[in-house]
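*Asks:* Take a look at work19.cif, mmCIF, C-alpha atoms:
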```
data_data
loop_
_atom_site.group_PDB
_atom_site.id
_atom_site.type_symbol
_atom_site.label_atom_id
_atom_site.label_comp_id
_atom_site.auth_asym_id
_atom_site.auth_seq_id
_atom_site.Cartn_x
_atom_site.Cartn_y
_atom_site.Cartn_z
ATOM 1 C CA MET A 1 -11.526 -17.282 -15.184
ATOM 2 C CA SER A 2 -10.414 -14.526 -12.825
ATOM 3 C CA GLU A 3 -11.516 -14.288 -9.221
ATOM 4 C CA ILE A 4 -12.741 -10.799 -8.348
ATOM 5 C CA PRO A 5 -13.986 -10.310 -4.785
ATOM 6 C CA TYR A 6 -17.208 -8.626 -3.786
ATOM 7 C CA THR A 7 -19.343 -7.994 -0.753
ATOM 8 C CA PRO A 8 -23.109 -8.440 -0.440
ATOM 9 C CA LEU A 9 -22.957 -5.177 1.554
ATOM 10 C CA PRO A 10 -21.241 -2.704 -0.804
ATOM 11 C CA GLY A 11 -23.099 0.172 0.824
ATOM 12 C CA LYS A 12 -21.149 -0.463 4.047
ATOM 13 C CA MET A 13 -17.783 0.172 2.403
ATOM 14 C CA LYS A 14 -17.415 3.652 3.896
ATOM 15 C CA GLU A 15 -18.395 2.355 7.332
ATOM 16 C CA TYR A 16 -15.716 -0.339 7.115
ATOM 17 C CA PHE A 17 -12.891 1.956 6.068
ATOM 18 C CA ASP A 18 -13.853 4.707 8.503
ATOM 19 C CA LYS A 19 -13.634 2.165 11.311
ATOM 20 C CA PHE A 20 -10.290 0.788 10.067
ATOM 21 C CA GLN A 21 -8.880 4.296 10.219
ATOM 22 C CA GLU A 22 -10.322 4.904 13.669
ATOM 23 C CA VAL A 23 -9.172 1.771 15.534
ATOM 24 C CA GLY A 24 -5.656 0.512 16.194
ATOM 25 C CA THR A 25 -3.815 -1.625 13.668
ATOM 26 C CA PRO A 26 -4.534 -5.302 14.437
ATOM 27 C CA SER A 27 -1.995 -8.110 14.267
ATOM 28 C CA LYS A 28 -4.455 -10.079 12.105
ATOM 29 C CA VAL A 29 -7.590 -9.085 10.216
ATOM 30 C CA ASN A 30 -10.023 -11.979 10.697
ATOM 31 C CA ARG A 31 -13.627 -12.625 11.682
ATOM 32 C CA GLU A 32 -12.850 -12.424 15.380
ATOM 33 C CA TRP A 33 -11.259 -9.006 14.968
ATOM 34 C CA LEU A 34 -14.130 -7.764 12.814
ATOM 35 C CA LYS A 35 -16.562 -8.836 15.517
ATOM 36 C CA SER A 36 -14.524 -7.008 18.141
ATOM 37 C CA ILE A 37 -14.947 -3.697 16.268
ATOM 38 C CA GLY A 38 -18.672 -4.114 15.685
ATOM 39 C CA PHE A 39 -18.917 -6.075 12.421
ATOM 40 C CA ALA A 40 -20.404 -9.346 13.659
ATOM 41 C CA GLY A 41 -22.672 -10.153 10.719
ATOM 42 C CA GLY A 42 -21.930 -13.154 8.545
ATOM 43 C CA ASN A 43 -21.687 -11.032 5.408
ATOM 44 C CA ASP A 44 -19.172 -8.666 7.036
ATOM 45 C CA SER A 45 -16.433 -11.256 6.567
ATOM 46 C CA TYR A 46 -16.527 -10.682 2.801
ATOM 47 C CA ILE A 47 -14.514 -7.506 3.366
ATOM 48 C CA ILE A 48 -11.453 -9.629 4.214
ATOM 49 C CA SER A 49 -11.124 -10.983 0.664
ATOM 50 C CA ILE A 50 -11.450 -7.437 -0.671
ATOM 51 C CA LEU A 51 -8.706 -6.196 1.652
ATOM 52 C CA LYS A 52 -6.442 -8.987 0.390
ATOM 53 C CA PHE A 53 -7.287 -8.187 -3.225
ATOM 54 C CA ILE A 54 -6.175 -4.555 -2.845
ATOM 55 C CA GLN A 55 -3.213 -5.614 -0.676
ATOM 56 C CA PHE A 56 -4.328 -3.915 2.534
ATOM 57 C CA VAL A 57 -3.581 -7.261 4.182
ATOM 58 C CA ASP A 58 -1.222 -10.008 3.022
ATOM 59 C CA ALA A 59 -1.859 -13.722 2.528
ATOM 60 C CA SER A 60 -1.583 -14.308 6.289
ATOM 61 C CA ASN A 61 -4.161 -11.559 7.030
ATOM 62 C CA THR A 62 -1.476 -9.226 8.408
ATOM 63 C CA PRO A 63 -1.950 -5.493 7.663
ATOM 64 C CA THR A 64 0.492 -4.154 5.064
ATOM 65 C CA ASP A 65 2.051 -0.726 4.482
ATOM 66 C CA PHE A 66 -1.129 0.278 2.612
ATOM 67 C CA TRP A 67 -3.170 -0.296 5.775
ATOM 68 C CA LYS A 68 -0.714 1.595 7.970
ATOM 69 C CA MET A 69 -0.474 4.584 5.630
ATOM 70 C CA TYR A 70 -4.258 4.685 5.236
ATOM 71 C CA LYS A 71 -4.524 5.599 8.901
ATOM 72 C CA ASP A 72 -3.057 9.030 8.067
ATOM 73 C CA PRO A 73 -6.170 11.076 7.117
ATOM 74 C CA THR A 74 -4.085 13.389 4.917
ATOM 75 C CA LYS A 75 -2.942 10.458 2.760
ATOM 76 C CA ALA A 76 -5.819 7.999 3.121
ATOM 77 C CA ARG A 77 -7.702 8.701 -0.110
ATOM 78 C CA GLY A 78 -4.544 8.657 -2.230
ATOM 79 C CA VAL A 79 -3.325 5.469 -0.547
ATOM 80 C CA LEU A 80 -6.635 3.749 -1.244
ATOM 81 C CA ALA A 81 -6.557 4.852 -4.895
ATOM 82 C CA GLN A 82 -3.099 3.334 -5.326
ATOM 83 C CA ALA A 83 -4.226 0.109 -3.662
ATOM 84 C CA ILE A 84 -7.316 -0.121 -5.885
ATOM 85 C CA LYS A 85 -5.219 0.366 -9.011
ATOM 86 C CA GLY A 86 -2.916 -2.435 -7.872
ATOM 87 C CA GLY A 87 -5.692 -4.868 -7.032
ATOM 88 C CA TYR A 88 -7.740 -4.121 -10.137
ATOM 89 C CA LYS A 89 -4.651 -3.814 -12.347
ATOM 90 C CA GLU A 90 -6.143 -5.698 -15.289
ATOM 91 C CA LEU A 91 -9.186 -3.435 -15.247
ATOM 92 C CA PHE A 92 -7.065 -0.268 -15.160
ATOM 93 C CA ASP A 93 -4.815 -1.654 -17.889
ATOM 94 C CA THR A 94 -7.940 -1.926 -20.036
ATOM 95 C CA TYR A 95 -9.517 1.336 -18.852
ATOM 96 C CA PRO A 96 -6.992 3.794 -17.333
ATOM 97 C CA ASP A 97 -9.991 5.816 -16.112
ATOM 98 C CA ALA A 98 -11.836 2.765 -14.767
ATOM 99 C CA ASN A 99 -12.866 4.701 -11.659
ATOM 100 C CA ARG A 100 -14.975 6.930 -13.929
ATOM 101 C CA LYS A 101 -16.466 4.216 -16.135
ATOM 102 C CA ASP A 102 -20.211 3.611 -16.087
ATOM 103 C CA ARG A 103 -21.766 0.450 -14.681
ATOM 104 C CA GLU A 104 -22.403 -0.971 -18.156
ATOM 105 C CA ALA A 105 -18.696 -0.947 -19.057
ATOM 106 C CA LEU A 106 -17.677 -2.325 -15.667
ATOM 107 C CA TYR A 107 -20.329 -5.038 -15.829
ATOM 108 C CA ALA A 108 -19.120 -6.129 -19.274
ATOM 109 C CA PHE A 109 -15.523 -6.347 -18.043
ATOM 110 C CA PHE A 110 -16.230 -8.251 -14.813
ATOM 111 C CA SER A 111 -18.678 -10.574 -16.544
ATOM 112 C CA SER A 112 -16.202 -11.488 -19.288
ATOM 113 C CA LYS A 113 -13.400 -12.108 -16.768
ATOM 114 C CA THR A 114 -15.344 -14.142 -14.211
ATOM 115 C CA GLY A 115 -18.278 -15.773 -16.011
ATOM 116 C CA LYS A 116 -20.385 -15.328 -12.874
ATOM 117 C CA ALA A 117 -24.160 -14.897 -12.696
ATOM 118 C CA LYS A 118 -25.640 -11.451 -13.188
ATOM 119 C CA ALA A 119 -26.439 -10.898 -9.491
ATOM 120 C CA THR A 120 -22.839 -11.693 -8.513
ATOM 121 C CA VAL A 121 -21.342 -9.470 -11.210
ATOM 122 C CA ASP A 122 -23.626 -6.639 -10.108
ATOM 123 C CA LEU A 123 -22.139 -6.963 -6.613
ATOM 124 C CA MET A 124 -18.608 -6.884 -8.068
ATOM 125 C CA VAL A 125 -19.442 -3.637 -9.848
ATOM 126 C CA SER A 126 -21.036 -2.110 -6.748
ATOM 127 C CA THR A 127 -18.090 -3.178 -4.594
ATOM 128 C CA PHE A 128 -15.644 -1.518 -6.995
ATOM 129 C CA THR A 129 -17.627 1.697 -7.404
ATOM 130 C CA ASN A 130 -18.149 2.089 -3.659
ATOM 131 C CA LEU A 131 -14.427 1.600 -3.087
ATOM 132 C CA CYS A 132 -13.618 4.223 -5.696
ATOM 133 C CA GLN A 133 -15.911 6.747 -4.024
ATOM 134 C CA LEU A 134 -13.610 6.646 -0.988
ATOM 135 C CA ALA A 135 -10.427 7.210 -3.010
ATOM 136 C CA ASP A 136 -8.720 10.156 -4.694
ATOM 137 C CA PHE A 137 -7.264 9.097 -8.035
ATOM 138 C CA GLU A 138 -5.876 12.565 -8.696
ATOM 139 C CA ALA A 139 -3.720 12.579 -5.563
ATOM 140 C CA GLU A 140 0.008 11.991 -5.856
ATOM 141 C CA ALA A 141 0.776 8.323 -5.312
ATOM 142 C CA PRO A 142 2.230 7.872 -1.811
ATOM 143 C CA LYS A 143 5.707 6.384 -1.601
ATOM 144 C CA LEU A 144 5.757 3.011 0.063
ATOM 145 C CA GLY A 145 8.840 1.308 1.454
ATOM 146 C CA LEU A 146 12.295 2.697 2.028
ATOM 147 C CA GLU A 147 13.680 6.067 1.099
ATOM 148 C CA ILE A 148 17.453 6.458 1.212
ATOM 149 C CA LEU A 149 19.024 9.838 1.723
ATOM 150 C CA LYS A 150 22.303 10.605 -0.009
ATOM 151 C CA PRO A 151 25.133 11.518 2.344
ATOM 152 C CA THR A 152 25.540 15.262 2.681
ATOM 153 C CA VAL A 153 28.606 16.565 0.864
ATOM 154 C CA PRO A 154 29.985 19.918 2.062
ATOM 155 C CA GLU A 155 30.140 22.679 -0.554
ATOM 156 C CA LYS A 156 33.703 23.610 0.392
ATOM 157 C CA PRO A 157 36.538 21.188 1.054
ATOM 158 C CA VAL A 158 37.107 20.488 4.712
ATOM 159 C CA SER A 159 40.654 21.025 5.998
ATOM 160 C CA TYR A 160 41.835 18.386 8.388
ATOM 161 C CA ILE A 161 44.574 18.927 10.932
ATOM 162 C CA LYS A 162 47.422 16.485 10.573
ATOM 163 C CA PRO A 163 47.420 14.336 13.683
ATOM 164 C CA GLY A 164 50.344 14.803 16.015
ATOM 165 C CA LYS A 165 52.385 12.163 17.712
ATOM 166 C CA GLY A 166 50.292 9.768 19.722
ATOM 167 C CA VAL A 167 47.054 10.842 18.006
ATOM 168 C CA ILE A 168 45.129 8.121 16.215
ATOM 169 C CA SER A 169 43.909 9.388 12.851
ATOM 170 C CA GLU A 170 40.592 7.594 12.626
ATOM 171 C CA LEU A 171 37.229 8.914 11.578
ATOM 172 C CA HIS A 172 34.130 7.006 12.612
ATOM 173 C CA ILE A 173 30.829 7.613 10.845
ATOM 174 C CA ASN A 174 27.617 6.117 12.168
ATOM 175 C CA ILE A 175 24.850 5.593 9.629
ATOM 176 C CA GLN A 176 21.386 4.902 10.983
ATOM 177 C CA LEU A 177 18.773 3.282 8.764
ATOM 178 C CA HIS A 178 15.100 3.118 9.598
ATOM 179 C CA LEU A 179 13.726 0.032 7.898
ATOM 180 C CA PRO A 180 10.043 -0.190 6.963
ATOM 181 C CA ALA A 181 7.812 -3.004 8.084
ATOM 182 C CA THR A 182 7.565 -4.997 4.873
ATOM 183 C CA THR A 183 7.873 -8.558 3.610
ATOM 184 C CA ASP A 184 9.098 -7.400 0.192
ATOM 185 C CA SER A 185 12.754 -8.463 -0.073
ATOM 186 C CA ALA A 186 13.227 -6.079 -3.016
ATOM 187 C CA VAL A 187 13.083 -3.177 -0.562
ATOM 188 C CA TYR A 188 16.162 -4.432 1.259
ATOM 189 C CA ASP A 189 17.942 -5.308 -2.003
ATOM 190 C CA ASN A 190 17.486 -1.704 -3.113
ATOM 191 C CA LEU A 191 18.806 -0.531 0.246
ATOM 192 C CA PHE A 192 22.145 -2.331 -0.120
ATOM 193 C CA LYS A 193 22.488 -1.370 -3.786
ATOM 194 C CA SER A 194 22.047 2.282 -2.825
ATOM 195 C CA LEU A 195 24.545 1.970 0.023
ATOM 196 C CA ARG A 196 27.104 0.562 -2.375
ATOM 197 C CA LYS A 197 26.375 3.294 -4.923
ATOM 198 C CA TYR A 198 26.553 6.271 -2.579
ATOM 199 C CA LEU A 199 29.016 5.147 0.088
ATOM 200 C CA LEU A 200 31.440 2.820 -1.665
ATOM 201 C CA SER A 201 31.758 4.409 -5.104
ATOM 202 C CA GLU A 202 34.918 6.361 -5.926
ATOM 203 C CA GLU A 203 34.980 9.698 -7.633
ATOM 204 C CA GLU A 204 36.117 9.585 -11.245
#
```
Hey, can you dump this file as structure tokens for me?
*Replies:*
Amino acid sequence: MSEIPYTPLPGKMKEYFDKFQEVGTPSKVNREWLKSIGFAGGNDSYIISILKFIQFVDASNTPTDFWKMYKDPTKARGVLAQAIKGGYKELFDTYPDANRKDREALYAFFSSKTGKAKATVDLMVSTFTNLCQLADFEAEAPKLGLEILKPTVPEKPVSYIKPGKGVISELHINIQLHLPATTDSAVYDNLFKSLRKYLLSEEE
């Protein structure tokens, strides 16, 4: 059976995410940190498992790129939509418009996947629907990770002056890369593949 997180306080979802956007990014998202920002109730800790499920924090409770990008109000709703689709991937594979499905369809799905009691499944449904109300599923999916710019090639050939005696004919090019904060090694693999493709390839 699948494990799908929920919170006994689904109505507080907006309050949680508004606060996450307002405060600074923590080094760890745990009960102590939640208490420090005003969520001291025992049931408030349920939000941590939800944040892990949608990959806002990783297995060590460290905020991910989703968390950091969510802090930009212009991208927040689209970022959350992408995170929800990733966390609830099996649901969206079954219903591509899961964010618009009625409670009956969502209940049937969560119940069949988890086998939990009715009260628990109801909370799963409410948790999901309250999350979706904060997201924009029509927004363009934000790009996470590294973007590599191709080197600029001049439109016209550049004429170089033949170096005279005593002049060293060397050209030094400095390439600066701004690496994202990520634990995904595939990001760096793609970086070096792109460097090889664009900087080391020879013209045919």
*Asks:* Give, as AutoDock Vina command-line options, the centre coordinates and the x, y and z edge lengths in Å to one decimal for an axis-aligned box around all listed atoms of stretch 89-105 of chain A, padded by 6 Å on each side.
*Replies:*
```
--center_x -13.5 --center_y 0.6 --center_z -15.8 --size_x 29.8 --size_y 24.6 --size_z 20.4
```
*Asks:* Go through the shown structure with the PyMOL selection byres ((chain A and resi 47) around 9) and write out the matching residues as an MDAnalysis selection string.
*Replies:* chainID A and resid 5:7 9 13 16 43:46 48:52
*Asks:* Report the residues retrieved by the PyMOL selection byres ((chain A and resi 107-122) around 12) from the displayed file, expressed as a ChimeraX atom specification.
*Replies:* /A:1-10,88,90-95,98,101-106,123-129
*Asks:* Point out the residue among A:Lys75, A:Val57, A:Gly42, A:Phe17 with the least atom-to-atom distance to A:Gln133, counting all atoms listed in the file.
*Replies:*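 With all atoms listed in the file as the atom set, the closest residue is A:Phe17.
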*Asks:* Set the distance at 7 Å and use only C-alpha atoms: which residues neighbour A:Asp136 once local chain neighbours fewer than 6 positions away are removed? I'd like the list as a ChimeraX atom specification.
*Replies:* /A:77-78,81
*Asks:* For the atom pair atom CA of A:Gly38 and atom CA of A:Tyr70, what is the interatomic distance in Å to one decimal place?
*Replies:*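 Atom-to-atom, atom CA of A:Gly38 to atom CA of A:Tyr70, that is 19.9 Å.
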*Asks:* Residues within 10 Å of A:Ile37, please, as a ChimeraX atom specification. Count all atoms listed in the file; anything in the same chain fewer than 2 positions from it doesn't count.
*Replies:* /A:16,19-20,23,32-35,39-40
*Asks:* Select, from A:Lys89, A:Lys14, A:Lys28, A:Lys71, the residue with the minimum atom-to-atom distance to A:Ala59, counting only C-alpha atoms.
*Replies:*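 Closest to A:Ala59 of all the choices is A:Lys28.
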*Asks:* Separation of atom CA of A:Leu134 and atom CA of A:Asp72, in Å?
*Replies:*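 Interatomic distance here is 14.1 Å.
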*Asks:* So what does the PyMOL selection byres ((chain A and resi 54) around 7) actually pick up in this one, as a PyMOL selection string?
*Replies:* chain A and resi 50-53+55-56+83-84+86-87
